[in-house]
$ cat final-v1.pdb   # PDB, C-alpha atoms, pLDDT in the B column
ATOM      1  CA  MET A1024     -65.922 -67.313 -62.264  1.00 52.00           C
ATOM      2  CA  VAL A1025     -66.307 -68.686 -58.727  1.00 54.00           C
ATOM      3  CA  PHE A1026     -63.974 -71.544 -59.598  1.00 58.00           C
ATOM      4  CA  THR A1027     -61.312 -69.077 -60.789  1.00 65.00           C
ATOM      5  CA  ALA A1028     -61.573 -67.042 -57.584  1.00 63.00           C
ATOM      6  CA  ASN A1029     -61.181 -70.192 -55.464  1.00 66.00           C
ATOM      7  CA  VAL A1030     -58.142 -71.350 -57.448  1.00 59.00           C
ATOM      8  CA  LEU A1031     -56.612 -67.885 -57.176  1.00 59.00           C
ATOM      9  CA  ALA A1032     -57.205 -67.837 -53.423  1.00 64.00           C
ATOM     10  CA  ILE A1033     -55.518 -71.239 -53.042  1.00 61.00           C
ATOM     11  CA  LEU A1034     -52.538 -70.193 -55.170  1.00 55.00           C
ATOM     12  CA  LEU A1035     -52.101 -66.971 -53.211  1.00 56.00           C
ATOM     13  CA  SER A1036     -52.171 -68.885 -49.932  1.00 62.00           C
ATOM     14  CA  LEU A1037     -49.336 -71.087 -51.171  1.00 59.00           C
ATOM     15  CA  LEU A1038     -47.056 -68.157 -52.012  1.00 57.00           C
ATOM     16  CA  PRO A1039     -44.687 -67.168 -49.249  1.00 53.00           C
ATOM     17  CA  ALA A1040     -45.548 -63.874 -47.665  1.00 48.00           C
ATOM     18  CA  LEU A1041     -43.253 -60.961 -48.406  1.00 42.00           C
ATOM     19  CA  PRO A1042     -40.940 -60.389 -45.476  1.00 47.00           C
ATOM     20  CA  ALA A1043     -42.068 -57.455 -43.383  1.00 46.00           C
ATOM     21  CA  GLN A1044     -39.596 -54.775 -42.479  1.00 44.00           C
ATOM     22  CA  GLU A1045     -37.706 -55.902 -39.444  1.00 49.00           C
ATOM     23  CA  GLU A1046     -38.860 -53.970 -36.425  1.00 44.00           C
ATOM     24  CA  ASP A1047     -35.280 -53.531 -35.240  1.00 54.00           C
ATOM     25  CA  SER A1048     -34.276 -51.913 -38.549  1.00 75.00           C
ATOM     26  CA  LEU A1049     -36.492 -48.906 -37.770  1.00 83.00           C
ATOM     27  CA  GLY A1050     -36.022 -46.383 -34.991  1.00 81.00           C
ATOM     28  CA  PRO A1051     -33.020 -44.574 -33.510  1.00 82.00           C
ATOM     29  CA  LYS A1052     -29.629 -45.199 -35.152  1.00 85.00           C
ATOM     30  CA  LYS A1053     -26.218 -43.558 -35.376  1.00 81.00           C
ATOM     31  CA  VAL A1054     -23.976 -43.057 -38.390  1.00 80.00           C
ATOM     32  CA  ASN A1055     -20.970 -45.357 -38.064  1.00 73.00           C
ATOM     33  CA  VAL A1056     -18.882 -44.695 -41.217  1.00 71.00           C
ATOM     34  CA  GLN A1057     -16.841 -41.763 -42.498  1.00 70.00           C
ATOM     35  CA  ASN A1058     -17.892 -41.662 -46.154  1.00 77.00           C
ATOM     36  CA  ALA A1059     -21.689 -41.522 -45.962  1.00 85.00           C
ATOM     37  CA  SER A1060     -23.949 -38.773 -47.245  1.00 87.00           C
ATOM     38  CA  TYR A1061     -27.514 -37.611 -46.885  1.00 91.00           C
ATOM     39  CA  ASN A1062     -29.414 -37.498 -50.190  1.00 91.00           C
ATOM     40  CA  LYS A1063     -32.838 -36.331 -51.396  1.00 91.00           C
ATOM     41  CA  VAL A1064     -33.377 -39.631 -53.215  1.00 89.00           C
ATOM     42  CA  PRO A1065     -32.231 -43.207 -52.521  1.00 89.00           C
ATOM     43  CA  ASN A1066     -29.150 -42.807 -54.718  1.00 83.00           C
ATOM     44  CA  THR A1067     -25.627 -41.716 -53.742  1.00 78.00           C
ATOM     45  CA  THR A1068     -24.889 -39.990 -57.050  1.00 79.00           C
ATOM     46  CA  ARG A1069     -27.909 -37.683 -57.145  1.00 81.00           C
ATOM     47  CA  GLY A1070     -29.693 -35.410 -54.729  1.00 86.00           C
ATOM     48  CA  TYR A1071     -26.743 -34.777 -52.419  1.00 89.00           C
ATOM     49  CA  ILE A1072     -27.736 -32.797 -49.304  1.00 90.00           C
ATOM     50  CA  ALA A1073     -24.760 -33.066 -46.934  1.00 88.00           C
ATOM     51  CA  ASP A1074     -22.037 -35.348 -45.622  1.00 88.00           C
ATOM     52  CA  ALA A1075     -23.041 -37.566 -42.731  1.00 87.00           C
ATOM     53  CA  LYS A1076     -20.733 -37.381 -39.756  1.00 86.00           C
ATOM     54  CA  ILE A1077     -19.798 -40.296 -37.546  1.00 83.00           C
ATOM     55  CA  GLY A1078     -22.063 -40.256 -34.517  1.00 84.00           C
ATOM     56  CA  ASP A1079     -24.923 -38.343 -36.203  1.00 88.00           C
ATOM     57  CA  GLU A1080     -28.172 -39.411 -34.585  1.00 88.00           C
ATOM     58  CA  VAL A1081     -31.017 -40.264 -36.965  1.00 90.00           C
ATOM     59  CA  THR A1082     -34.365 -42.022 -36.776  1.00 90.00           C
ATOM     60  CA  VAL A1083     -34.997 -44.616 -39.478  1.00 91.00           C
ATOM     61  CA  LEU A1084     -38.505 -44.148 -40.867  1.00 93.00           C
ATOM     62  CA  ALA A1085     -38.461 -46.735 -43.667  1.00 92.00           C
ATOM     63  CA  ILE A1086     -36.182 -49.027 -45.643  1.00 91.00           C
ATOM     64  CA  GLU A1087     -36.064 -48.729 -49.442  1.00 90.00           C
ATOM     65  CA  GLY A1088     -33.720 -51.309 -50.937  1.00 88.00           C
ATOM     66  CA  SER A1089     -30.218 -50.614 -49.685  1.00 88.00           C
ATOM     67  CA  PHE A1090     -31.189 -47.164 -48.374  1.00 91.00           C
ATOM     68  CA  ALA A1091     -32.863 -45.975 -45.208  1.00 91.00           C
ATOM     69  CA  LYS A1092     -35.203 -43.000 -45.149  1.00 93.00           C
ATOM     70  CA  VAL A1093     -34.217 -41.127 -42.005  1.00 93.00           C
ATOM     71  CA  LYS A1094     -35.273 -38.129 -39.974  1.00 92.00           C
ATOM     72  CA  ARG A1095     -32.196 -36.078 -39.076  1.00 91.00           C
ATOM     73  CA  ALA A1096     -31.627 -34.217 -35.817  1.00 89.00           C
ATOM     74  CA  ASP A1097     -32.715 -30.946 -37.476  1.00 92.00           C
ATOM     75  CA  GLY A1098     -36.076 -32.535 -38.409  1.00 91.00           C
ATOM     76  CA  SER A1099     -35.389 -32.864 -42.152  1.00 92.00           C
ATOM     77  CA  GLU A1100     -35.807 -36.180 -43.958  1.00 93.00           C
ATOM     78  CA  ALA A1101     -33.135 -37.739 -46.163  1.00 92.00           C
ATOM     79  CA  TYR A1102     -31.845 -41.033 -47.512  1.00 93.00           C
ATOM     80  CA  ILE A1103     -28.614 -42.707 -46.394  1.00 91.00           C
ATOM     81  CA  SER A1104     -27.087 -46.093 -47.111  1.00 89.00           C
ATOM     82  CA  LYS A1105     -28.317 -48.721 -44.619  1.00 88.00           C
ATOM     83  CA  SER A1106     -24.762 -49.988 -44.201  1.00 86.00           C
ATOM     84  CA  ALA A1107     -23.743 -46.608 -42.728  1.00 86.00           C
ATOM     85  CA  LEU A1108     -26.066 -47.028 -39.760  1.00 87.00           C
ATOM     86  CA  ILE A1109     -25.756 -48.899 -36.498  1.00 84.00           C
ATOM     87  CA  PRO A1110     -28.185 -49.201 -33.577  1.00 85.00           C
ATOM     88  CA  SER A1111     -27.566 -46.406 -31.075  1.00 79.00           C
ATOM     89  CA  GLU A1112     -26.880 -48.842 -28.237  1.00 80.00           C
ATOM     90  CA  LYS A1113     -24.105 -50.583 -30.259  1.00 78.00           C
ATOM     91  CA  TYR A1114     -22.358 -47.342 -31.237  1.00 75.00           C
ATOM     92  CA  VAL A1115     -18.828 -46.936 -29.844  1.00 72.00           C
ATOM     93  CA  LYS A1116     -17.465 -43.408 -29.875  1.00 69.00           C
ATOM     94  CA  ALA A1117     -14.114 -43.136 -31.649  1.00 63.00           C
ATOM     95  CA  PRO A1118     -11.211 -41.695 -29.668  1.00 58.00           C
ATOM     96  CA  ALA A1119     -10.903 -37.897 -29.897  1.00 57.00           C
ATOM     97  CA  ASN A1120      -7.125 -37.673 -29.499  1.00 59.00           C
ATOM     98  CA  GLU A1121      -3.916 -39.656 -29.020  1.00 60.00           C
ATOM     99  CA  LYS A1122      -4.320 -39.861 -25.238  1.00 61.00           C
ATOM    100  CA  GLU A1123      -7.834 -41.268 -25.525  1.00 60.00           C
ATOM    101  CA  MET A1124      -6.603 -43.686 -28.242  1.00 59.00           C
ATOM    102  CA  GLY A1125      -3.915 -44.955 -25.884  1.00 58.00           C
ATOM    103  CA  GLU A1126      -6.444 -45.467 -23.102  1.00 58.00           C
ATOM    104  CA  LEU A1127      -8.783 -47.393 -25.385  1.00 53.00           C
ATOM    105  CA  LYS A1128      -5.959 -49.554 -26.740  1.00 53.00           C
ATOM    106  CA  GLY A1129      -5.017 -50.272 -23.137  1.00 51.00           C
ATOM    107  CA  GLN A1130      -8.545 -51.645 -22.703  1.00 49.00           C
ATOM    108  CA  GLY A1131      -8.071 -53.942 -25.691  1.00 44.00           C
ATOM    109  CA  TYR A1132      -9.793 -51.705 -28.262  1.00 40.00           C
ATOM    110  CA  GLU A1133      -7.954 -51.507 -31.578  1.00 43.00           C
ATOM    111  CA  ALA A1134      -9.160 -48.649 -33.774  1.00 43.00           C
ATOM    112  CA  GLY A1135      -7.871 -47.666 -37.178  1.00 51.00           C
ATOM    113  CA  ARG A1136      -4.398 -48.489 -38.473  1.00 56.00           C
ATOM    114  CA  PHE A1137      -1.611 -50.084 -36.486  1.00 64.00           C
ATOM    115  CA  ASP A1138       1.071 -47.897 -35.033  1.00 68.00           C
ATOM    116  CA  PRO A1139       4.269 -47.810 -37.175  1.00 74.00           C
ATOM    117  CA  GLU A1140       6.173 -50.259 -34.949  1.00 78.00           C
ATOM    118  CA  THR A1141       3.424 -52.891 -35.117  1.00 77.00           C
ATOM    119  CA  GLU A1142       3.002 -52.364 -38.852  1.00 77.00           C
ATOM    120  CA  ASN A1143       6.744 -52.814 -39.437  1.00 80.00           C
ATOM    121  CA  SER A1144       6.861 -55.963 -37.313  1.00 80.00           C
ATOM    122  CA  TYR A1145       4.001 -57.479 -39.328  1.00 75.00           C
ATOM    123  CA  LYS A1146       5.759 -56.615 -42.588  1.00 80.00           C
ATOM    124  CA  LYS A1147       9.012 -58.152 -41.327  1.00 83.00           C
ATOM    125  CA  GLU A1148       7.277 -61.262 -39.966  1.00 82.00           C
ATOM    126  CA  LYS A1149       4.995 -61.926 -42.955  1.00 81.00           C
ATOM    127  CA  GLY A1150       7.355 -60.856 -45.736  1.00 83.00           C
ATOM    128  CA  PRO A1151       6.735 -59.185 -49.115  1.00 85.00           C
ATOM    129  CA  GLU A1152       3.070 -60.222 -49.308  1.00 84.00           C
ATOM    130  CA  MET A1153       2.261 -58.218 -46.175  1.00 81.00           C
ATOM    131  CA  GLU A1154       4.301 -55.267 -47.489  1.00 83.00           C
ATOM    132  CA  LYS A1155       2.234 -55.393 -50.692  1.00 85.00           C
ATOM    133  CA  ALA A1156      -1.018 -55.606 -48.716  1.00 82.00           C
ATOM    134  CA  PHE A1157      -0.158 -52.486 -46.692  1.00 79.00           C
ATOM    135  CA  LYS A1158       0.775 -50.616 -49.902  1.00 82.00           C
ATOM    136  CA  ASN A1159      -2.576 -51.595 -51.416  1.00 82.00           C
ATOM    137  CA  VAL A1160      -4.409 -50.238 -48.364  1.00 78.00           C
ATOM    138  CA  ASP A1161      -2.411 -46.988 -48.558  1.00 76.00           C
ATOM    139  CA  THR A1162      -3.268 -46.651 -52.258  1.00 78.00           C
ATOM    140  CA  TRP A1163      -6.954 -47.275 -51.603  1.00 74.00           C
ATOM    141  CA  GLU A1164      -7.036 -44.718 -48.783  1.00 68.00           C
ATOM    142  CA  ALA A1165      -5.340 -42.125 -51.016  1.00 69.00           C
ATOM    143  CA  ARG A1166      -8.077 -42.603 -53.654  1.00 69.00           C
ATOM    144  CA  GLN A1167     -10.704 -41.661 -51.079  1.00 66.00           C
ATOM    145  CA  ALA A1168      -9.376 -38.067 -50.943  1.00 63.00           C
ATOM    146  CA  TRP A1169     -12.157 -36.784 -53.239  1.00 67.00           C
ATOM    147  CA  ILE A1170     -14.739 -37.595 -50.539  1.00 67.00           C
ATOM    148  CA  SER A1171     -13.909 -34.376 -48.687  1.00 69.00           C
ATOM    149  CA  GLN A1172     -14.865 -32.420 -51.836  1.00 76.00           C
ATOM    150  CA  ARG A1173     -18.169 -34.233 -52.301  1.00 76.00           C
ATOM    151  CA  GLY A1174     -20.345 -31.135 -51.779  1.00 78.00           C
ATOM    152  CA  ALA A1175     -18.580 -29.103 -54.463  1.00 81.00           C
ATOM    153  CA  LEU A1176     -18.569 -32.063 -56.862  1.00 82.00           C
ATOM    154  CA  ALA A1177     -22.302 -32.659 -56.307  1.00 82.00           C
ATOM    155  CA  LYS A1178     -23.046 -28.999 -57.112  1.00 85.00           C
ATOM    156  CA  LYS A1179     -20.958 -29.157 -60.309  1.00 87.00           C
ATOM    157  CA  MET A1180     -22.729 -32.357 -61.357  1.00 86.00           C
ATOM    158  CA  ASP A1181     -26.127 -30.782 -60.695  1.00 86.00           C
ATOM    159  CA  GLU A1182     -25.175 -27.717 -62.784  1.00 89.00           C
ATOM    160  CA  PHE A1183     -23.986 -30.042 -65.566  1.00 89.00           C
ATOM    161  CA  ARG A1184     -27.304 -31.913 -65.557  1.00 85.00           C
ATOM    162  CA  LYS A1185     -29.242 -28.610 -65.600  1.00 88.00           C
ATOM    163  CA  SER A1186     -27.221 -27.157 -68.486  1.00 90.00           C
ATOM    164  CA  GLY A1187     -27.569 -30.329 -70.551  1.00 87.00           C
ATOM    165  CA  LYS A1188     -31.182 -30.887 -69.524  1.00 82.00           C
ATOM    166  CA  LEU A1189     -30.279 -34.340 -68.274  1.00 82.00           C
ATOM    167  CA  ALA A1190     -31.874 -36.628 -65.688  1.00 80.00           C
ATOM    168  CA  GLU A1191     -34.509 -34.792 -63.626  1.00 81.00           C
ATOM    169  CA  TYR A1192     -33.998 -31.613 -65.731  1.00 82.00           C
ATOM    170  CA  SER A1193     -34.899 -33.342 -68.977  1.00 84.00           C
ATOM    171  CA  THR A1194     -37.875 -32.076 -70.947  1.00 85.00           C
ATOM    172  CA  VAL A1195     -38.609 -35.666 -71.994  1.00 83.00           C
ATOM    173  CA  LYS A1196     -40.697 -37.492 -69.411  1.00 70.00           C
TER     174      LYS A1196
END

$ encode --input "final-v1.pdb" --output "structure tokens"
Amino acid sequence: MVFTANVLAILLSLLPALPAQEEDSLGPKKVNVQNASYNKVPNTTRGYIADAKIGDEVTVLAIEGSFAKVKRADGSEAYISKSALIPSEKYVKAPANEKEMGELKGQGYEAGRFDPETENSYKKEKGPEMEKAFKNVDTWEARQAWISQRGALAKKMDEFRKSGKLAEYSTVK
């Protein structure tokens, strides 16, 4: 028995330690993407609470896989995708209007899409491949239109799961 305990201790000492949560991954952060949401569970398809807005301030309490458990400004706790967060000190506020956009571009900051003249010059310079690339981006952006209806869709999905006794509403445990 003592021999087994010693062997086990040696084997455990040889295993690499599990990486601890990075200290810089916890603490104050800001939301830095448009299509993020706060959820009750670490899953984007269930437990929807609300849409996250760019610039929302949160405090990361823990990391669970690809999700961060955060404390929101109102004191409630929720989960959000880690990739939607950025350290507060690295956050750059997006321009509020055309004038501010022009000022930022004048400082060398390029945000969002190109203006139509620049876009057309790229298409002309690079040929049909660039034209196709811009069309693909436009198509992808058009598909994202359902994001604005996420709250209503989440409620319908929850009602569907309740009526069919699916997922967390199932009687089978």

$ closest_residue --input "final-v1.pdb" --among "A:Ala1073, A:Ala1156, A:Leu1189, A:Met1180" --to "A:Glu1100" --atoms "only C-alpha atoms"
A:Ala1073

$ closest_residue --input "final-v1.pdb" --among "A:Asp1079, A:Glu1142, A:Glu1191, A:Glu1087" --to "A:Ala1059" --atoms "all atoms listed in the file"
A:Asp1079

$ atom_distance --input "final-v1.pdb" --atom1 "atom CA of A:Arg1184" --atom2 "atom CA of A:Thr1068"
12.0 Å

$ closest_residue --input "final-v1.pdb" --among "A:Asp1161, A:Arg1069, A:Lys1113, A:Lys1052" --to "A:Ala1091" --atoms "all atoms listed in the file"
A:Lys1052

$ atom_distance --input "final-v1.pdb" --atom1 "atom CA of A:Lys1158" --atom2 "atom CA of A:Lys1146"
10.7 Å

$ closest_residue --input "final-v1.pdb" --among "A:Ser1144, A:Phe1183, A:Gln1057, A:Arg1173" --to "A:Ser1106" --atoms "all atoms listed in the file"
A:Gln1057

$ residues_near_point --input "final-v1.pdb" --point "(-29.9, -38.6, -50.4)" --cutoff "10 Å" --atoms "only C-alpha atoms" --output "VMD selection string"
chain A and resid 1059 to 1074 1090 to 1093 1100 to 1104

$ atom_distance --input "final-v1.pdb" --atom1 "atom CA of A:Thr1082" --atom2 "atom CA of A:Ser1111"
9.9 Å

$ decode --input "final-v1.pdb" --residues "stretch 1086-1115 of chain A" --atoms "N, CA, C and O atoms" --output "mmCIF file, in the first residue's frame"
data_model
loop_
_atom_site.group_PDB
_atom_site.id
_atom_site.type_symbol
_atom_site.label_atom_id
_atom_site.label_comp_id
_atom_site.auth_asym_id
_atom_site.auth_seq_id
_atom_site.Cartn_x
_atom_site.Cartn_y
_atom_site.Cartn_z
ATOM 1 N N ILE A 1086 -13.807 32.219 -15.814
ATOM 2 C CA ILE A 1086 -13.792 31.764 -17.202
ATOM 3 C C ILE A 1086 -14.263 30.316 -17.214
ATOM 4 O O ILE A 1086 -13.767 29.492 -16.446
ATOM 5 N N GLU A 1087 -15.247 30.021 -18.076
ATOM 6 C CA GLU A 1087 -15.746 28.655 -18.227
ATOM 7 C C GLU A 1087 -15.724 28.315 -19.707
ATOM 8 O O GLU A 1087 -16.629 28.675 -20.446
ATOM 9 N N GLY A 1088 -14.673 27.649 -20.140
ATOM 10 C CA GLY A 1088 -14.521 27.312 -21.555
ATOM 11 C C GLY A 1088 -14.373 28.574 -22.377
ATOM 12 O O GLY A 1088 -13.513 29.408 -22.106
ATOM 13 N N SER A 1089 -15.250 28.743 -23.362
ATOM 14 C CA SER A 1089 -15.169 29.926 -24.213
ATOM 15 C C SER A 1089 -16.071 31.057 -23.713
ATOM 16 O O SER A 1089 -16.300 32.025 -24.414
ATOM 17 N N PHE A 1090 -16.586 30.910 -22.497
ATOM 18 C CA PHE A 1090 -17.473 31.927 -21.923
ATOM 19 C C PHE A 1090 -16.862 32.532 -20.668
ATOM 20 O O PHE A 1090 -16.083 31.894 -19.969
ATOM 21 N N ALA A 1091 -17.259 33.768 -20.408
ATOM 22 C CA ALA A 1091 -16.848 34.454 -19.190
ATOM 23 C C ALA A 1091 -18.092 34.688 -18.344
ATOM 24 O O ALA A 1091 -19.126 35.118 -18.850
ATOM 25 N N LYS A 1092 -17.977 34.382 -17.063
ATOM 26 C CA LYS A 1092 -19.056 34.708 -16.125
ATOM 27 C C LYS A 1092 -18.759 36.126 -15.664
ATOM 28 O O LYS A 1092 -17.674 36.407 -15.150
ATOM 29 N N VAL A 1093 -19.724 37.027 -15.899
ATOM 30 C CA VAL A 1093 -19.489 38.439 -15.621
ATOM 31 C C VAL A 1093 -20.526 39.013 -14.665
ATOM 32 O O VAL A 1093 -21.632 38.500 -14.557
ATOM 33 N N LYS A 1094 -20.132 40.075 -13.996
ATOM 34 C CA LYS A 1094 -21.063 40.866 -13.200
ATOM 35 C C LYS A 1094 -21.325 42.118 -14.024
ATOM 36 O O LYS A 1094 -20.389 42.840 -14.394
ATOM 37 N N ARG A 1095 -22.598 42.355 -14.340
ATOM 38 C CA ARG A 1095 -22.992 43.505 -15.149
ATOM 39 C C ARG A 1095 -23.078 44.759 -14.292
ATOM 40 O O ARG A 1095 -23.033 44.688 -13.068
ATOM 41 N N ALA A 1096 -23.223 45.895 -14.939
ATOM 42 C CA ALA A 1096 -23.295 47.177 -14.237
ATOM 43 C C ALA A 1096 -24.462 47.224 -13.255
ATOM 44 O O ALA A 1096 -24.375 47.872 -12.212
ATOM 45 N N ASP A 1097 -25.562 46.517 -13.574
ATOM 46 C CA ASP A 1097 -26.729 46.524 -12.682
ATOM 47 C C ASP A 1097 -26.585 45.537 -11.512
ATOM 48 O O ASP A 1097 -27.489 45.390 -10.700
ATOM 49 N N GLY A 1098 -25.438 44.842 -11.439
ATOM 50 C CA GLY A 1098 -25.175 43.916 -10.341
ATOM 51 C C GLY A 1098 -25.533 42.476 -10.642
ATOM 52 O O GLY A 1098 -25.164 41.580 -9.885
ATOM 53 N N SER A 1099 -26.269 42.220 -11.727
ATOM 54 C CA SER A 1099 -26.647 40.840 -12.062
ATOM 55 C C SER A 1099 -25.461 40.102 -12.680
ATOM 56 O O SER A 1099 -24.544 40.712 -13.223
ATOM 57 N N GLU A 1100 -25.497 38.786 -12.592
ATOM 58 C CA GLU A 1100 -24.447 37.950 -13.172
ATOM 59 C C GLU A 1100 -24.979 37.278 -14.418
ATOM 60 O O GLU A 1100 -26.157 36.924 -14.494
ATOM 61 N N ALA A 1101 -24.102 37.102 -15.410
ATOM 62 C CA ALA A 1101 -24.489 36.484 -16.677
ATOM 63 C C ALA A 1101 -23.247 35.894 -17.334
ATOM 64 O O ALA A 1101 -22.126 36.105 -16.877
ATOM 65 N N TYR A 1102 -23.486 35.164 -18.419
ATOM 66 C CA TYR A 1102 -22.393 34.622 -19.221
ATOM 67 C C TYR A 1102 -22.368 35.349 -20.558
ATOM 68 O O TYR A 1102 -23.405 35.711 -21.109
ATOM 69 N N ILE A 1103 -21.154 35.550 -21.082
ATOM 70 C CA ILE A 1103 -20.964 36.172 -22.391
ATOM 71 C C ILE A 1103 -19.730 35.530 -23.012
ATOM 72 O O ILE A 1103 -18.829 35.077 -22.298
ATOM 73 N N SER A 1104 -19.700 35.483 -24.322
ATOM 74 C CA SER A 1104 -18.548 34.906 -25.013
ATOM 75 C C SER A 1104 -17.286 35.694 -24.671
ATOM 76 O O SER A 1104 -17.293 36.923 -24.671
ATOM 77 N N LYS A 1105 -16.189 34.979 -24.357
ATOM 78 C CA LYS A 1105 -14.927 35.650 -24.031
ATOM 79 C C LYS A 1105 -14.458 36.539 -25.169
ATOM 80 O O LYS A 1105 -13.879 37.583 -24.939
ATOM 81 N N SER A 1106 -14.718 36.107 -26.402
ATOM 82 C CA SER A 1106 -14.220 36.864 -27.558
ATOM 83 C C SER A 1106 -14.916 38.216 -27.714
ATOM 84 O O SER A 1106 -14.455 39.052 -28.470
ATOM 85 N N ALA A 1107 -16.016 38.433 -26.981
ATOM 86 C CA ALA A 1107 -16.724 39.714 -27.066
ATOM 87 C C ALA A 1107 -16.140 40.754 -26.123
ATOM 88 O O ALA A 1107 -16.546 41.907 -26.147
ATOM 89 N N LEU A 1108 -15.179 40.359 -25.306
ATOM 90 C CA LEU A 1108 -14.658 41.254 -24.284
ATOM 91 C C LEU A 1108 -13.250 41.734 -24.593
ATOM 92 O O LEU A 1108 -12.479 41.035 -25.243
ATOM 93 N N ILE A 1109 -12.947 42.907 -24.103
ATOM 94 C CA ILE A 1109 -11.623 43.497 -24.274
ATOM 95 C C ILE A 1109 -11.286 44.220 -22.974
ATOM 96 O O ILE A 1109 -12.180 44.741 -22.307
ATOM 97 N N PRO A 1110 -10.011 44.248 -22.586
ATOM 98 C CA PRO A 1110 -9.666 45.000 -21.371
ATOM 99 C C PRO A 1110 -10.116 46.458 -21.489
ATOM 100 O O PRO A 1110 -10.015 47.058 -22.561
ATOM 101 N N SER A 1111 -10.605 47.006 -20.411
ATOM 102 C CA SER A 1111 -11.133 48.375 -20.419
ATOM 103 C C SER A 1111 -10.130 49.381 -20.959
ATOM 104 O O SER A 1111 -10.493 50.290 -21.703
ATOM 105 N N GLU A 1112 -8.856 49.216 -20.608
ATOM 106 C CA GLU A 1112 -7.850 50.190 -21.040
ATOM 107 C C GLU A 1112 -7.547 50.109 -22.541
ATOM 108 O O GLU A 1112 -7.015 51.038 -23.122
ATOM 109 N N LYS A 1113 -7.900 48.997 -23.206
ATOM 110 C CA LYS A 1113 -7.668 48.854 -24.645
ATOM 111 C C LYS A 1113 -8.890 49.224 -25.476
ATOM 112 O O LYS A 1113 -8.830 49.246 -26.694
ATOM 113 N N TYR A 1114 -10.009 49.504 -24.816
ATOM 114 C CA TYR A 1114 -11.250 49.820 -25.512
ATOM 115 C C TYR A 1114 -11.147 51.176 -26.209
ATOM 116 O O TYR A 1114 -10.682 52.148 -25.625
ATOM 117 N N VAL A 1115 -11.555 51.215 -27.482
ATOM 118 C CA VAL A 1115 -11.586 52.460 -28.246
ATOM 119 C C VAL A 1115 -13.035 52.728 -28.618
ATOM 120 O O VAL A 1115 -13.667 51.920 -29.299
#
